[in-house]
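Listing of query.cif; format and content: mmCIF, C-alpha atoms.
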data_my_file
loop_
_atom_site.label_atom_id
_atom_site.label_comp_id
_atom_site.auth_asym_id
_atom_site.auth_seq_id
_atom_site.Cartn_x
_atom_site.Cartn_y
_atom_site.Cartn_z
CA MET A 295 116.51 94.91 73.22
CA ALA A 296 119.89 96.57 72.55
CA GLN A 297 121.35 93.23 71.45
CA ARG A 298 118.40 92.47 69.14
CA VAL A 299 118.69 95.89 67.49
CA ALA A 300 122.47 95.47 67.12
CA ASP A 301 121.98 92.07 65.45
CA TRP A 302 119.38 93.53 63.11
CA LEU A 303 121.58 96.48 62.14
CA ASP A 304 124.63 94.29 61.63
CA GLY A 305 122.76 92.10 59.13
CA VAL A 306 124.35 88.82 60.19
CA THR A 307 121.83 87.75 62.82
CA GLY A 308 122.65 84.35 64.23
CA GLN A 309 126.13 84.26 62.67
CA GLY A 310 128.03 86.55 65.01
CA ASP A 311 130.05 85.81 68.11
CA ALA A 312 128.15 83.42 70.38
CA ARG A 313 129.49 85.25 73.42
CA ILE A 314 127.46 88.32 72.43
CA ALA A 315 124.25 87.07 73.97
CA PRO A 316 122.11 87.75 77.04
CA PRO A 317 123.69 86.64 80.34
CA VAL A 318 122.83 83.04 81.15
CA LEU A 319 121.19 83.98 84.45
CA LEU A 320 118.97 86.50 82.67
CA SER A 321 117.88 83.83 80.18
CA TRP A 322 116.98 81.42 82.97
CA GLN A 323 115.13 84.08 84.98
CA ALA A 324 113.15 85.15 81.92
CA SER A 325 112.16 81.52 81.35
CA VAL A 326 110.57 81.22 84.81
CA ILE A 327 108.29 84.25 84.38
CA PRO A 328 105.59 82.35 82.40
CA VAL A 329 105.80 79.51 84.94
CA LEU A 330 105.24 81.99 87.78
CA LEU A 331 102.21 83.48 86.04
CA LEU A 332 100.75 80.01 85.50
CA LEU A 333 101.21 79.27 89.19
CA LEU A 334 99.42 82.51 90.07
CA LEU A 335 96.38 81.36 88.11
CA VAL A 336 95.67 78.78 90.83
CA PRO A 337 95.22 81.18 93.79
CA ALA A 338 93.53 83.71 91.47
CA ALA A 339 90.97 81.09 90.41
CA LEU A 340 90.41 80.05 94.03
CA LEU A 341 89.86 83.64 95.12
CA ALA A 342 87.46 84.26 92.23
CA ALA A 343 85.45 81.15 93.09
CA ARG A 344 85.38 82.09 96.78
CA THR A 345 84.19 85.61 95.91
CA VAL A 346 81.29 84.23 93.87
CA LEU A 347 80.29 81.87 96.68
CA ASP A 348 80.59 84.63 99.29
CA ALA A 349 78.38 86.90 97.18
CA ARG A 350 75.68 84.23 97.13
CA ARG A 351 76.05 83.63 100.85
CA LEU A 352 75.77 87.34 101.66
CA ARG A 353 72.50 87.90 99.82
CA PRO A 354 70.23 87.03 102.80
CA SER A 355 72.28 89.24 105.14
CA VAL A 356 72.02 92.16 102.70
CA GLU A 357 68.23 91.92 102.63
CA ALA A 358 68.17 91.59 106.42
CA ASP A 359 70.32 94.71 106.86
CA TYR A 360 67.88 96.78 104.81
CA ASP A 361 64.76 94.92 105.96
CA ALA A 362 63.99 94.44 102.28
CA ALA A 363 62.08 91.18 102.40
CA ALA A 364 58.93 92.82 101.03
CA GLU A 365 60.64 94.79 98.25
CA SER A 366 63.41 92.35 97.42
CA ASP A 367 65.19 93.09 94.15
CA PRO A 368 67.52 90.23 93.10
CA VAL A 369 69.64 92.53 90.91
CA ARG A 370 70.07 95.16 93.62
CA THR A 371 70.79 92.55 96.26
CA GLY A 372 73.33 90.85 94.02
CA GLN A 373 75.16 94.12 93.36
CA ILE A 374 75.52 94.95 97.05
CA ALA A 375 76.51 91.38 97.97
CA SER A 376 79.10 91.26 95.18
CA ASP A 377 80.64 94.55 96.31
CA ARG A 378 80.89 93.27 99.87
CA ALA A 379 82.49 90.03 98.69
CA ARG A 380 85.02 91.84 96.49
CA ALA A 381 85.90 94.23 99.31
CA ALA A 382 86.78 91.23 101.50
CA LEU A 383 89.50 90.21 99.00
CA THR A 384 91.82 92.72 100.69
CA ASP A 385 91.97 90.44 103.71
CA SER A 386 93.42 87.69 101.50
CA ALA A 387 96.34 89.86 100.38
CA PRO A 388 98.83 88.44 102.95
CA VAL A 389 98.17 84.89 101.76
CA LEU A 390 98.49 85.88 98.10
CA VAL A 391 101.72 87.80 98.74
CA GLY A 392 103.09 84.81 100.63
CA VAL A 393 102.30 82.46 97.74
CA VAL A 394 103.84 84.84 95.20
CA SER A 395 106.96 85.40 97.31
CA GLY A 396 107.45 81.69 97.98
CA ALA A 397 106.96 80.70 94.35
CA THR A 398 109.26 83.49 93.16
CA LEU A 399 111.96 82.45 95.61
CA LEU A 400 111.85 78.81 94.50
CA LEU A 401 111.77 79.63 90.78
CA ARG A 402 114.61 82.16 91.06
CA ALA A 403 116.66 79.63 92.99
CA ALA A 404 116.00 77.10 90.24
CA SER A 405 117.14 79.64 87.62
CA VAL A 406 120.37 80.29 89.51
CA ALA A 407 121.00 76.54 89.76
CA GLY A 408 120.28 76.13 86.04
CA ALA A 409 122.66 78.95 85.12
CA TRP A 410 125.37 77.45 87.32
CA ALA A 411 124.87 73.95 85.84
CA SER A 412 125.10 75.25 82.26
CA GLY A 413 128.56 76.69 82.87
CA ASN A 414 127.37 80.33 82.72
CA VAL A 415 128.51 80.69 79.07
CA PRO A 416 126.58 83.43 77.21
CA GLY A 417 124.46 82.08 74.39
CA ARG A 418 124.51 78.53 75.78
CA ALA A 419 122.06 78.78 78.64
CA PHE A 420 120.34 75.48 77.85
CA ASP A 421 123.25 73.47 76.42
CA GLY A 422 123.52 69.94 77.73
CA ALA A 423 119.80 69.60 78.43
CA HIS A 424 117.53 67.10 76.72
CA PRO A 425 116.40 68.48 73.32
CA ALA A 426 112.75 68.57 74.38
CA ILE A 427 113.61 70.34 77.64
CA ALA A 428 115.96 72.74 75.85
CA SER A 429 113.27 73.55 73.29
CA LEU A 430 110.66 74.16 75.98
CA ALA A 431 113.10 76.26 78.01
CA SER A 432 114.00 78.36 74.96
CA ALA A 433 110.32 78.92 74.21
CA THR A 434 109.53 80.00 77.78
CA GLN A 435 112.64 82.22 77.80
CA ALA A 436 111.49 83.96 74.62
CA LEU A 437 107.96 84.31 75.99
CA GLY A 438 109.29 85.71 79.27
CA SER A 439 111.43 88.23 77.41
CA TRP A 440 108.44 89.42 75.39
CA MET A 441 106.36 89.65 78.58
CA ILE A 442 109.01 91.89 80.18
CA GLY A 443 108.73 94.24 77.22
CA LEU A 444 104.94 94.07 77.32
CA GLY A 445 105.00 94.84 81.03
CA PHE A 446 107.07 97.95 80.38
CA LEU A 447 104.62 99.10 77.72
CA LEU A 448 101.69 98.52 80.06
CA PHE A 449 103.49 100.53 82.74
CA VAL A 450 103.92 103.48 80.37
CA THR A 451 100.34 103.15 79.09
CA TRP A 452 98.95 103.17 82.62
CA GLY A 453 100.96 106.30 83.39
CA ARG A 454 99.58 108.07 80.30
CA ARG A 455 96.06 106.91 81.14
CA ALA A 456 96.26 108.72 84.48
CA TYR A 457 96.14 112.03 82.60
CA ARG A 458 92.74 111.20 81.07
CA ASP A 459 91.06 108.76 83.47
CA ALA A 460 90.11 109.97 86.95
CA SER A 461 89.86 106.42 88.36
CA ALA A 462 93.36 105.51 87.16
CA ARG A 463 94.69 108.80 88.51
CA ARG A 464 93.06 108.09 91.87
CA THR A 465 94.59 104.59 92.01
CA ILE A 466 98.06 105.89 91.19
CA GLY A 467 97.59 108.66 93.74
CA ILE A 468 96.74 106.15 96.47
CA LEU A 469 99.81 104.07 95.69
CA TRP A 470 101.94 107.22 95.60
CA ASP A 471 100.59 108.38 98.99
CA VAL A 472 101.38 105.05 100.59
CA GLY A 473 104.83 104.88 99.01
CA THR A 474 105.78 108.40 100.09
CA PHE A 475 104.51 108.12 103.66
CA TRP A 476 107.50 106.22 105.00
CA PRO A 477 110.97 107.83 105.21
CA ARG A 478 113.55 107.02 102.57
CA ALA A 479 115.40 104.89 105.13
CA ALA A 480 112.55 102.38 104.76
CA HIS A 481 113.21 101.93 101.03
CA PRO A 482 116.27 103.07 99.06
CA PHE A 483 114.26 103.92 95.93
CA ALA A 484 111.42 105.75 97.69
CA PRO A 485 110.64 109.34 96.70
CA PRO A 486 111.01 112.12 99.28
CA CYS A 487 108.82 111.52 102.33
CA TYR A 488 105.96 114.00 102.67
CA ALA A 489 105.00 112.77 106.15
CA GLU A 490 108.17 114.33 107.57
CA ARG A 491 106.71 117.70 106.62
CA ALA A 492 102.96 117.10 106.83
CA VAL A 493 102.82 115.53 110.30
CA PRO A 494 104.83 118.25 112.14
CA ASP A 495 102.90 120.97 110.27
CA LEU A 496 99.54 119.46 111.19
CA THR A 497 100.66 119.02 114.81
CA TRP A 498 101.81 122.65 114.96
CA ARG A 499 98.51 123.91 113.53
CA MET A 500 96.45 121.94 116.04
CA SER A 501 98.57 123.10 118.96
CA SER A 502 98.58 126.74 117.83
CA TRP A 503 94.85 126.87 117.23
CA THR A 504 93.82 125.29 120.52
CA ARG A 505 96.30 127.45 122.46
CA ALA A 506 95.21 130.68 120.76
CA THR A 507 91.46 130.13 120.94
CA GLY A 508 91.02 127.78 123.88
CA GLY A 509 88.63 125.88 121.63
CA ARG A 510 88.05 122.21 120.93
CA LEU A 511 89.02 120.37 117.81
CA VAL A 512 87.71 117.38 115.88
CA ILE A 513 90.34 116.26 113.37
CA SER A 514 88.95 113.91 110.74
CA GLY A 515 90.93 111.82 108.32
CA HIS A 516 89.88 109.66 105.39
CA SER A 517 91.94 106.74 104.06
CA GLN A 518 95.62 107.77 104.07
CA GLY A 519 94.55 110.99 105.78
CA SER A 520 93.52 108.94 108.81
CA VAL A 521 97.10 107.66 109.08
CA LEU A 522 98.42 111.22 108.95
CA ALA A 523 95.83 112.36 111.50
CA ALA A 524 96.73 109.54 113.91
CA ALA A 525 100.46 110.23 113.51
CA ALA A 526 99.90 113.94 114.17
CA VAL A 527 97.75 113.35 117.26
CA TRP A 528 100.45 111.03 118.60
CA GLN A 529 102.87 113.99 118.54
CA LEU A 530 100.66 116.38 120.51
CA GLN A 531 101.40 117.44 124.07
CA PRO A 532 99.04 115.85 126.66
CA ALA A 533 97.37 119.19 127.43
CA THR A 534 96.55 119.72 123.75
CA ARG A 535 95.58 116.12 123.15
CA ARG A 536 92.85 116.38 125.80
CA ARG A 537 91.14 119.01 123.65
CA VAL A 538 91.31 117.01 120.43
CA ALA A 539 88.95 114.30 119.18
CA LEU A 540 89.86 111.94 116.34
CA LEU A 541 87.40 110.90 113.63
CA THR A 542 88.63 108.34 111.09
CA TYR A 543 86.66 106.85 108.20
CA GLY A 544 87.66 104.51 105.41
CA SER A 545 90.78 104.02 107.50
CA PRO A 546 93.48 101.41 106.71
CA LEU A 547 95.06 101.84 110.16
CA GLU A 548 94.40 98.27 111.26
CA ARG A 549 93.41 96.52 108.06
CA LEU A 550 96.57 97.39 106.10
CA TYR A 551 99.06 99.30 108.23
CA GLY A 552 98.41 97.25 111.35
CA ARG A 553 99.11 94.00 109.50
CA TRP A 554 102.08 95.10 107.38
CA PHE A 555 103.68 97.43 109.98
CA PRO A 556 102.68 95.99 113.37
CA ALA A 557 105.54 97.68 115.24
CA TYR A 558 104.00 101.09 114.49
CA PHE A 559 100.29 100.39 113.98
CA GLY A 560 99.74 97.09 115.73
CA PRO A 561 96.99 96.39 118.30
CA GLU A 562 99.00 97.74 121.25
CA ALA A 563 99.92 100.93 119.41
CA LEU A 564 96.30 101.63 118.45
CA ARG A 565 95.11 100.96 121.99
CA ALA A 566 97.75 103.33 123.33
CA LEU A 567 96.52 105.98 120.89
CA ASN A 568 92.96 105.51 122.14
CA ARG A 569 94.11 105.92 125.74
CA THR A 570 95.98 109.15 125.01
CA VAL A 571 93.46 110.96 122.77
CA HIS A 572 90.34 112.33 124.47
CA CYS A 573 87.91 110.45 122.22
CA TRP A 574 88.08 108.56 118.96
CA SER A 575 85.46 107.24 116.55
CA ASN A 576 86.02 105.13 113.44
CA LEU A 577 83.53 104.65 110.59
CA TYR A 578 83.72 101.98 107.91
CA ARG A 579 81.64 100.09 105.35
CA ALA A 580 81.44 96.44 104.40
CA THR A 581 81.84 97.47 100.74
CA ASP A 582 85.10 99.36 101.37
CA PRO A 583 88.14 97.41 100.07
CA ILE A 584 90.63 99.67 101.89
CA GLY A 585 89.09 100.95 105.11
CA GLY A 586 87.94 98.76 107.95
CA PRO A 587 87.56 98.51 111.72
CA VAL A 588 90.48 99.40 113.98
CA ARG A 589 89.38 96.74 116.53
CA VAL A 590 90.11 98.81 119.63
CA PRO A 591 87.76 97.51 122.35
CA ALA A 592 86.14 99.45 125.15
CA GLU A 593 88.42 99.87 128.17
CA ASP A 594 88.88 102.16 131.17
CA GLY A 595 85.43 103.64 130.75
CA ARG A 596 86.03 104.49 127.11
CA PRO A 597 83.63 103.13 124.48
CA ALA A 598 84.82 101.00 121.62
CA VAL A 599 86.33 103.03 118.80
CA ASP A 600 84.45 101.27 115.99
CA GLY A 601 80.86 102.26 115.43
CA ALA A 602 78.22 100.19 113.70
CA VAL A 603 78.99 99.24 110.10
CA LEU A 604 77.64 101.93 107.79
CA LEU A 605 75.14 100.74 105.22
CA ASP A 606 76.27 101.20 101.64
CA PRO A 607 74.19 102.24 99.80
CA VAL A 608 72.34 104.23 102.44
CA ALA A 609 68.97 103.14 100.99
CA TYR A 610 68.03 99.86 99.33
CA GLY A 611 65.31 101.15 97.04
CA ARG A 612 63.67 104.42 96.13
CA THR A 613 62.20 106.47 98.96
CA ARG A 614 60.90 110.01 99.43
CA ALA A 615 64.31 111.03 100.77
CA HIS A 616 66.10 109.12 97.99
CA PRO A 617 63.98 109.29 94.81
CA LEU A 618 66.82 107.85 92.73
CA PRO A 619 68.67 104.58 93.45
CA GLU A 620 71.57 105.39 95.74
CA PRO A 621 75.00 104.41 94.35
CA ILE A 622 77.35 102.01 96.11
CA LEU A 623 80.12 104.33 97.28
CA GLY A 624 82.64 101.84 98.67
CA HIS A 625 85.69 103.82 99.76
CA SER A 626 84.53 107.30 98.77
CA ASP A 627 82.16 110.07 99.95
CA TYR A 628 81.78 109.09 103.59
CA GLN A 629 80.59 112.63 104.31
CA ALA A 630 77.48 111.92 102.21
CA ASP A 631 76.26 109.47 104.87
CA PRO A 632 74.10 111.16 107.54
CA ALA A 633 75.97 109.11 110.16
CA PHE A 634 79.13 111.12 109.47
CA ALA A 635 77.69 114.42 110.74
CA ARG A 636 76.09 112.65 113.69
CA HIS A 637 79.35 111.04 114.83
CA ARG A 638 81.24 114.30 114.35
CA SER A 639 78.75 116.17 116.54
CA GLU A 640 78.88 113.45 119.20
CA LEU A 641 82.67 113.69 119.35
CA LEU A 642 82.53 117.46 119.74
CA ASP A 643 79.98 117.11 122.54
CA ARG A 644 82.24 114.65 124.38
CA LEU A 645 85.12 117.12 124.45
CA PRO A 646 85.53 119.40 127.51
CA PRO A 647 84.05 122.89 127.20
CA ALA A 648 86.07 125.65 125.57
CA LEU A 649 88.51 127.56 127.74
CA PRO A 650 88.53 131.36 128.05
CA ARG A 651 91.14 133.05 125.92
CA GLN A 652 94.36 134.02 127.66
CA ARG A 653 94.74 137.40 125.95
CA VAL A 654 92.04 140.09 125.81
CA SER A 655 92.18 143.38 123.96
CA ASP A 656 89.75 145.55 125.99
CA GLY A 657 90.02 144.07 129.48
CA ALA A 658 86.84 142.07 129.14
CA ALA A 659 86.84 138.33 129.42
CA ASP A 660 86.41 136.86 125.97
CA GLN A 661 85.02 133.36 125.93
CA GLY A 662 86.76 130.95 123.48
CA SER A 663 84.68 129.26 120.85
CA SER A 664 84.59 125.62 119.85
CA GLY A 665 85.67 124.52 116.42
CA ARG A 666 85.92 121.67 113.99
CA SER A 667 88.61 120.75 111.56
CA SER A 668 88.68 118.05 108.92
CA GLY A 669 91.69 116.82 107.00
#
What is this file in structure tokens?
Amino acid sequence: MAQRVADWLDGVTGQGDARIAPPVLLSWQASVIPVLLLLLLVPAALLAARTVLDARRLRPSVEADYDAAAESDPVRTGQIASDRARAALTDSAPVLVGVVSGATLLLRAASVAGAWASGNVPGRAFDGAHPAIASLASATQALGSWMIGLGFLLFVTWGRRAYRDASARRTIGILWDVGTFWPRAAHPFAPPCYAERAVPDLTWRMSSWTRATGGRLVISGHSQGSVLAAAAVWQLQPATRRRVALLTYGSPLERLYGRWFPAYFGPEALRALNRTVHCWSNLYRATDPIGGPVRVPAEDGRPAVDGAVLLDPVAYGRTRAHPLPEPILGHSDYQADPAFARHRSELLDRLPPALPRQRVSDGAADQGSSGRSSG
């Protein structure tokens, strides 16, 4: 952009020094951007076609889940089935990232080879090539350059949209939470890590409360909060951990973190967490694109962590309890499901009874109370 503006201000565009031009490697890399986007259309089209087919395949199972054979509504059934099919796209992310990474690696290698073969002389990136190939390469290079500028404008526009649109702000917030969870050592350009402050603080509050009151604690975490809750429970002393139950919902612990960071959230790590915490329950929906099961089986007398899949919406049609059509919530408002309160109460009942307080003010024994906490 600086070079284009300089040429325009100087008034002799195209007649200046040929060495004042974009680096050859930059020209070649810009020319492969449109090719990469064209290659991405193939897996995107395949995923879109698979989603449509999965939505059709899921229609009978949706009606069976709600026992809606008598009051079947094709539109309602199609909406629920489509949401379930779209939510399953998250499981295809590793394949898509692999395709993008492989294609990018090959195309960037080709651009480096092209820059090396052209002699790396600025302004002569495509010299020596066949005229047709040189013309096509120049056109793709110009298109790629414009797309870089367009991408920057879209980035700024999306940032400004977050101030007015709650959904955009929520999406950016989720990405920000994930990006700031890991320490800066994990990524040189990461912002300051909030987990280094939040996890010790949450651990200290749980330990202090249970020690001061002798009570029991159910710590609940939604989405990224479930990752913080699990990390905090991991840090508790064994005596405190026996008085704490873990309730996670809409949790990416296994679906995202377990696949991308297996050393910290892999199957063995999650099973070890289940063995150390007194009890743990995980809730999820088939329409949730982020949360999912943690896949920790029953062992050593402990029940499986995952409960039954929550229905979303909670009612298929209109009922006395739900006079209006219930919305499809997906990743949000798990507390609105009656199953949430039921699972929370069951976890509290499974905890050992409250201990008497250690300190009394009037010499009488003061019995500690039980408590709940959600985060």
- Task: With all atoms listed in the file counted, which protein, DNA or RNA residues have an atom no more than 9 Å from (116.0, 75.7, 84.6) in the file frame? Please answer as a PyMOL selection string.
- Result: chain A and resi 322-323+325-326+401+404-409+420+431
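Residues matching the PyMOL selection byres ((chain A and resi 600) around 7) in this structure come to A:Ser575, A:Asn576, A:Leu577, A:Pro587, A:Val588, A:Arg589, A:Ala598, A:Val599, A:Gly601, A:Ala602.
Of note, CA of Tyr457 in chain A and CA of Pro621 in chain A are spaced 25.4 Å apart.
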- Task: Counting only C-alpha atoms, note down every residue that has an atom within 9 Å of the point (69.2, 110.2, 105.2) (file coordinates), as a PyMOL selection string.
- Result: chain A and resi 608-609+615-616+630-633
- d(CA of Val393 in chain A, CA of Trp410 in chain A) in Å: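 For CA of Val393 in chain A relative to CA of Trp410 in chain A, the distance reads 25.8 Å.
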- Note on the structure: Correct to one decimal, the distance CA of His516 in chain A-CA of Asp582 in chain A is 12.0 Å
- Task: Take the PyMOL selection byres ((chain A and resi 550-552) around 10), apply it to the structure above, and return the hits as a PyMOL selection string.
- Result: chain A and resi 384-385+387-388+472+521+545-549+553-564+584-586+588
Carefully work through the PyMOL selection byres ((chain A and resi 539) around 6) for this structure and note down the residues it includes, as a PDB file with C-alpha atoms, in the coordinates of the input.
ATOM      1  CA  VAL A 512      87.710 117.380 115.880  1.00  0.00           C
ATOM      2  CA  VAL A 538      91.310 117.010 120.430  1.00  0.00           C
ATOM      3  CA  LEU A 540      89.860 111.940 116.340  1.00  0.00           C
ATOM      4  CA  HIS A 572      90.340 112.330 124.470  1.00  0.00           C
ATOM      5  CA  CYS A 573      87.910 110.450 122.220  1.00  0.00           C
ATOM      6  CA  TRP A 574      88.080 108.560 118.960  1.00  0.00           C
TER       7      TRP A 574
END
- Residue with smallest distance to Arg537 in chain A - pool A:Ala382, A:Ala426, A:Leu390, A:Leu511, counting only C-alpha atoms: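 Smallest distance to Arg537 in chain A is found for A:Leu511.
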- Message: Between A:Ile466, A:Met441, A:Thr581, A:Ser514, which residue has the minimum interatomic distance to Gly453 in chain A, considering all atoms listed in the file?
- Response: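 Residue with the minimum atom-to-atom distance to Gly453 in chain A: A:Ile466.
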